[in-house]
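To be precise, the following lines are upload_6.cif, and they hold mmCIF, C-alpha atoms.
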data_input
#
loop_
_atom_site.label_atom_id
_atom_site.label_comp_id
_atom_site.auth_asym_id
_atom_site.auth_seq_id
_atom_site.Cartn_x
_atom_site.Cartn_y
_atom_site.Cartn_z
CA PRO E 1 0.00 0.00 0.00
CA ARG E 2 1.01 3.52 -0.67
CA SER E 3 2.49 5.16 2.38
CA THR E 4 1.17 8.51 3.47
CA ARG E 5 3.31 11.16 5.06
CA ARG E 6 1.87 13.81 7.30
CA ALA E 7 3.36 17.26 7.25
CA THR E 8 5.02 17.99 10.56
CA LEU E 9 5.31 21.61 11.60
CA PHE E 10 8.37 22.82 13.43
CA PRO E 11 7.70 22.33 17.15
CA TYR E 12 6.59 25.67 18.52
CA THR E 13 8.28 25.18 21.87
CA THR E 14 11.62 24.42 20.23
CA LEU E 15 11.27 27.38 17.86
CA PHE E 16 10.22 29.56 20.76
CA ASP E 17 13.28 28.52 22.75
CA LEU E 18 15.59 29.20 19.82
CA MET E 19 14.11 32.64 19.29
CA LEU E 20 14.26 33.70 22.93
CA THR E 21 17.63 32.29 23.94
CA PRO E 22 19.62 35.29 22.66
CA THR E 23 17.45 37.75 24.60
CA LEU E 24 17.13 36.03 27.96
CA GLY E 25 20.54 37.34 29.04
CA TRP E 26 19.49 40.98 28.90
CA CYS E 27 18.37 41.10 32.52
CA ALA E 28 21.74 39.70 33.59
CA ILE E 29 23.32 43.03 32.65
CA ALA E 30 21.42 44.81 35.43
CA VAL E 31 22.28 42.13 37.99
CA ASP E 32 25.91 41.46 37.05
CA THR E 33 26.76 45.16 36.94
CA LEU E 34 25.67 45.59 40.55
CA GLU E 35 27.24 42.34 41.75
CA GLU E 36 30.63 43.21 40.29
CA ARG E 37 30.68 46.37 42.42
CA LEU E 38 29.82 44.60 45.67
CA ASP E 39 33.07 43.11 46.90
CA TRP E 40 33.89 42.23 50.47
CA HIS E 41 36.85 44.25 51.73
CA GLY E 42 36.90 43.06 55.35
CA TRP E 43 35.70 44.52 58.64
CA VAL E 44 36.74 47.09 61.21
CA SER E 45 37.21 46.16 64.88
CA ASP E 46 38.86 47.69 67.94
CA THR E 47 40.51 44.32 68.59
CA PRO E 48 41.67 42.97 65.21
CA ASN E 49 40.99 39.30 64.59
CA GLN E 50 39.53 38.83 68.08
CA TRP E 51 37.21 36.05 66.93
CA SER E 52 39.57 34.55 64.32
CA MET E 53 37.42 36.06 61.60
CA ASP E 54 40.24 36.03 59.06
CA GLU E 55 40.73 32.29 59.51
CA ILE E 56 36.97 31.63 59.27
CA TYR E 57 36.78 33.78 56.14
CA ASP E 58 39.57 31.88 54.43
CA ALA E 59 38.46 28.41 55.58
CA ASN E 60 34.94 28.92 54.21
CA ASP E 61 36.15 30.57 50.97
CA LEU E 62 33.82 33.48 51.63
CA ALA E 63 35.41 35.54 48.88
CA LEU E 64 33.54 33.27 46.44
CA GLU E 65 30.61 32.34 48.67
CA SER E 66 29.66 35.98 49.25
CA SER E 67 29.22 36.48 45.49
CA LEU E 68 26.72 33.61 45.41
CA ALA E 69 24.65 35.14 48.22
CA VAL E 70 24.70 38.61 46.65
CA LEU E 71 23.64 37.29 43.23
CA ASP E 72 20.67 35.43 44.71
CA ALA E 73 19.63 38.53 46.66
CA LEU E 74 19.78 40.69 43.53
CA ILE E 75 17.84 38.17 41.43
CA PHE E 76 15.21 36.99 43.93
CA GLY E 77 15.21 39.87 46.42
CA ILE E 78 16.51 37.75 49.29
CA SER E 79 19.10 35.11 50.08
CA PHE E 80 20.44 33.58 53.29
CA TRP E 81 23.59 32.86 55.27
CA SER E 82 23.74 29.79 57.48
CA VAL E 83 26.34 29.34 60.23
CA THR E 84 26.42 25.77 61.54
CA VAL E 85 28.85 23.24 62.95
CA GLY E 86 31.19 21.67 60.39
CA ASP E 87 32.04 17.99 60.26
CA SER E 88 35.78 17.67 60.88
CA GLU E 89 35.78 14.05 59.68
CA ALA E 90 34.45 15.22 56.31
CA ASP E 91 37.13 17.94 56.18
CA GLU E 92 34.58 20.73 56.65
CA PRO E 93 35.52 24.06 58.25
CA ASN E 94 34.19 24.76 61.72
CA PRO E 95 32.12 26.86 61.91
CA LEU E 96 30.62 26.13 58.49
CA VAL E 97 29.36 29.30 56.77
CA MET E 98 27.31 28.78 53.62
CA ALA E 99 25.25 30.89 51.24
CA GLU E 100 21.73 29.43 51.02
CA SER E 101 19.45 29.90 48.03
CA PRO E 102 15.91 31.26 48.54
CA LYS E 103 14.79 28.32 46.39
CA THR E 104 15.76 25.91 49.18
CA THR E 105 15.67 28.08 52.32
CA THR E 106 13.03 30.18 54.02
CA CYS E 107 12.57 31.73 57.45
CA ARG E 108 9.92 33.10 59.77
CA TRP E 109 10.84 36.71 60.42
CA ASN E 110 10.26 38.45 63.75
CA ARG E 111 9.60 42.14 63.04
CA ARG E 112 10.04 43.24 66.64
CA GLN E 113 13.35 41.47 67.23
CA ARG E 114 14.63 42.05 63.66
CA ARG E 115 15.75 38.47 63.29
CA ALA E 116 14.47 35.03 62.34
CA ASP E 117 12.43 32.94 64.78
CA ALA E 118 12.95 29.78 62.73
CA ALA E 119 14.30 28.72 59.34
CA LEU E 120 14.05 25.70 57.07
CA THR E 121 16.53 24.43 54.48
CA VAL E 122 15.63 21.68 52.01
CA GLY E 123 18.54 19.26 51.56
CA ALA E 124 17.42 16.62 49.05
CA ARG E 125 14.34 15.93 46.92
CA ASN E 126 12.83 12.87 45.34
CA PRO E 127 14.10 12.92 41.73
CA HIS E 128 10.69 11.86 40.40
CA THR E 129 8.15 13.68 42.59
CA LYS E 130 10.43 16.60 43.62
CA ILE E 131 9.09 16.23 47.16
CA PRO E 132 11.70 17.02 49.87
CA THR E 133 13.22 13.95 51.48
CA SER E 134 15.59 15.67 53.91
CA VAL E 135 15.44 19.08 55.58
CA SER E 136 17.27 21.04 58.26
CA LEU E 137 15.06 22.87 60.74
CA HIS E 138 16.90 25.78 62.34
CA LEU E 139 15.56 26.82 65.74
CA PRO E 140 16.97 29.13 68.42
CA GLY E 141 20.09 27.41 69.71
CA GLN E 142 19.79 24.25 67.65
CA THR E 143 19.50 22.66 64.22
CA VAL E 144 17.35 19.57 63.74
CA VAL E 145 18.16 17.36 60.74
CA LEU E 146 15.08 15.48 59.49
CA GLN E 147 14.59 12.76 56.90
CA ALA E 148 11.34 11.64 55.34
CA SER E 149 10.13 8.35 56.76
CA PRO E 150 10.39 5.40 54.34
CA SER E 151 6.89 4.32 55.40
CA SER E 152 3.96 4.85 53.09
CA GLU E 153 2.38 7.42 55.41
CA PRO E 154 2.99 10.93 54.03
CA GLY E 155 4.20 13.68 56.32
CA GLN E 156 6.18 11.40 58.64
CA TRP E 157 9.72 12.57 59.46
CA LEU E 158 12.58 10.97 61.36
CA VAL E 159 15.06 12.98 63.45
CA LEU E 160 18.56 12.08 62.26
CA ASP E 161 20.53 14.57 64.29
CA ARG E 162 20.10 17.47 66.67
CA ILE E 163 22.95 19.99 66.76
CA LYS E 164 22.93 22.37 69.72
CA TYR E 165 24.75 25.69 70.06
CA ARG E 166 25.76 27.81 73.01
CA HIS E 167 23.93 30.84 71.65
CA LYS E 168 20.13 31.14 71.54
CA ARG E 169 19.80 32.48 68.03
CA VAL E 170 18.63 30.91 64.80
CA PRO E 171 21.83 30.18 62.80
CA VAL E 172 20.35 31.64 59.60
CA VAL E 173 20.50 35.29 58.57
CA PRO E 174 18.65 36.73 55.55
CA ILE E 175 20.31 39.08 53.07
CA VAL E 176 17.56 41.39 51.82
CA ASN E 177 17.81 43.55 48.71
CA ARG E 178 15.93 46.87 48.85
CA PRO E 179 13.47 46.08 51.67
CA TRP E 180 10.39 48.26 52.09
CA GLY E 181 8.25 48.80 55.14
CA SER E 182 5.46 47.01 53.30
CA LYS E 183 7.76 44.39 51.75
CA ARG E 184 10.45 43.39 54.19
CA GLN E 185 11.42 40.34 52.14
CA GLY E 186 13.00 42.67 49.57
CA ARG E 187 12.57 42.96 45.84
CA SER E 188 14.42 41.77 42.78
CA GLU E 189 16.55 44.04 40.63
CA ILE E 190 14.72 42.48 37.66
CA THR E 191 11.82 44.90 38.07
CA PRO E 192 8.38 44.72 36.37
CA PRO E 193 9.28 47.52 33.90
CA MET E 194 12.42 45.61 32.95
CA ARG E 195 10.45 42.39 32.43
CA ALA E 196 7.87 44.24 30.33
CA LEU E 197 10.63 45.66 28.12
CA LEU E 198 12.14 42.20 27.73
CA GLN E 199 8.78 40.68 26.80
CA ASN E 200 8.20 43.35 24.17
CA ALA E 201 11.63 42.66 22.70
CA MET E 202 10.98 38.92 22.68
CA ARG E 203 7.65 39.40 20.96
CA THR E 204 9.31 41.53 18.28
CA LEU E 205 12.06 38.97 17.78
CA ALA E 206 9.48 36.18 17.57
CA GLY E 207 7.70 38.06 14.79
CA TRP E 208 10.95 38.47 12.87
CA GLU E 209 11.85 34.80 13.19
CA LEU E 210 8.40 33.62 12.08
CA ALA E 211 8.45 35.99 9.11
CA ARG E 212 11.86 34.66 8.10
CA GLU E 213 10.61 31.06 8.17
CA PHE E 214 7.76 31.78 5.73
CA PHE E 215 9.32 34.42 3.54
#

As structure tokens, the full file:
Amino acid sequence: PRSTRRATLFPYTTLFDLMLTPTLGWCAIAVDTLEERLDWHGWVSDTPNQWSMDEIYDANDLALESSLAVLDALIFGISFWSVTVGDSEADEPNPLVMAESPKTTTCRWNRRQRRADAALTVGARNPHTKIPTSVSLHLPGQTVVLQASPSSEPGQWLVLDRIKYRHKRVPVVPIVNRPWGSKRQGRSEITPPMRALLQNAMRTLAGWELAREFF
């Protein structure tokens, strides 16, 4: 029998991706320009290096880590620092200072005390369902490491470890970009007017690309 062949149009999603890829980096200009100017130059103290800050800075490679925290704050409006106990057997610095992404970390902010009451960091997720399987719950004076129970009952968590500190603070500090009184969680440098301009440019480019395909 004679075979029939159906005309297959170019997948719109693939064409759309190809058309928009060159323009998606425009917003990075606004963010990268600011981040390049924000470099850590140290601190001022009456008693230099009283708390071994220089050693902690070098051990945690904060020259690089600070750039990660600043970039997240500029893009999302907020990022976080966590200061926890390092595992010496795993060759981790102690204390362990890490930049935490707002995609995996959140906190409950106390307006009166100007600090976090509690914080949560997602460690691992199920690769298929994307549901968190391990989290770290940061409370005043302690960090509780939890793992999802292997049982079939949802919402069941097992306590793997409980790390206690001498201080009574939550070991997570937010870095907020341009906070307002009505929006204390900050705002992104990729503002709505900037996104509107980018969308208009993408729409124009899409029209050019489609016209080129047919003419």

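Atom to atom, CA of Met53 in chain E and CA of Ser136 in chain E stand 25.4 Å apart.
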
Selection result of the PyMOL selection byres ((chain E and resi 164-173) around 12) on this file, as JSON, numbers by chain: {"E": [69, 78, 79, 80, 81, 82, 83, 84, 85, 95, 96, 97, 98, 99, 100, 101, 102, 105, 106, 107, 108, 109, 110, 113, 114, 115, 116, 117, 118, 119, 120, 121, 136, 137, 138, 139, 140, 141, 142, 143, 144, 145, 161, 162, 163, 174, 175, 176]}

Hey, what's within 6 Å of range 181-192 of chain E if we count all atoms listed in the file and toss same-chain stuff fewer than 2 positions away? As a compact mmCIF listing (two decimals) with C-alpha atoms, keeping the file's coordinate frame, please?
# COMPACT_ATOMS: atom_id res chain seq x y z
CA LEU E 74 19.78 40.69 43.53
CA ILE E 75 17.84 38.17 41.43
CA PHE E 76 15.21 36.99 43.93
CA GLY E 77 15.21 39.87 46.42
CA VAL E 176 17.56 41.39 51.82
CA ASN E 177 17.81 43.55 48.71
CA ARG E 178 15.93 46.87 48.85
CA PRO E 179 13.47 46.08 51.67
CA MET E 194 12.42 45.61 32.95
CA ARG E 195 10.45 42.39 32.43

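Minimum atom-to-atom distances from E:Asn200, E:Asn94, E:Ser134, E:Thr129 to Ser52 in chain E were compared using only C-alpha atoms, and the lowest value belongs to E:Asn94.
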
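With only the atoms specified (all atoms listed in the file) counting, those residues at most 12 Å away from (30.2, 43.7, 42.6) are Ala30, Val31, Asp32, Thr33, Leu34, Glu35, Glu36, Arg37, Leu38, Asp39, Trp40, His41, Ala63, Leu64, Ser66, Ser67, Leu68, Ala69, Val70, Leu71 and Leu74 of chain E.
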
Give me a file of those residues, with C-alpha atoms, as a PDB file, in the frame of the given file.
ATOM      1  CA  ALA E  30      21.420  44.810  35.430  1.00  0.00           C
ATOM      2  CA  VAL E  31      22.280  42.130  37.990  1.00  0.00           C
ATOM      3  CA  ASP E  32      25.910  41.460  37.050  1.00  0.00           C
ATOM      4  CA  THR E  33      26.760  45.160  36.940  1.00  0.00           C
ATOM      5  CA  LEU E  34      25.670  45.590  40.550  1.00  0.00           C
ATOM      6  CA  GLU E  35      27.240  42.340  41.750  1.00  0.00           C
ATOM      7  CA  GLU E  36      30.630  43.210  40.290  1.00  0.00           C
ATOM      8  CA  ARG E  37      30.680  46.370  42.420  1.00  0.00           C
ATOM      9  CA  LEU E  38      29.820  44.600  45.670  1.00  0.00           C
ATOM     10  CA  ASP E  39      33.070  43.110  46.900  1.00  0.00           C
ATOM     11  CA  TRP E  40      33.890  42.230  50.470  1.00  0.00           C
ATOM     12  CA  HIS E  41      36.850  44.250  51.730  1.00  0.00           C
ATOM     13  CA  ALA E  63      35.410  35.540  48.880  1.00  0.00           C
ATOM     14  CA  LEU E  64      33.540  33.270  46.440  1.00  0.00           C
ATOM     15  CA  SER E  66      29.660  35.980  49.250  1.00  0.00           C
ATOM     16  CA  SER E  67      29.220  36.480  45.490  1.00  0.00           C
ATOM     17  CA  LEU E  68      26.720  33.610  45.410  1.00  0.00           C
ATOM     18  CA  ALA E  69      24.650  35.140  48.220  1.00  0.00           C
ATOM     19  CA  VAL E  70      24.700  38.610  46.650  1.00  0.00           C
ATOM     20  CA  LEU E  71      23.640  37.290  43.230  1.00  0.00           C
ATOM     21  CA  LEU E  74      19.780  40.690  43.530  1.00  0.00           C
TER      22      LEU E  74
END

Using all atoms listed in the file, which of E:Leu197, E:Ala148, E:Leu205, E:Val122 sits nearest Trp26 in chain E? E:Leu197

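Taking CA of Lys103 in chain E and CA of Pro127 in chain E as the two end points, the separation is 16.1 Å.
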
Tell me, in Å to one decimal, how far CA of Ala59 in chain E is from CA of Gln147 in chain E. 28.6 Å

Would you compute the box with edges along x, y and z of the file around range 122-141 of chain E, including every atom the file lists for it and 8 Å extra on each side, and give its centre and edge lengths in Å to one decimal, as lines of an AutoDock Vina configuration file?
center_x = 14.1
center_y = 20.5
center_z = 55.1
size_x = 27.9
size_y = 33.3
size_z = 45.3
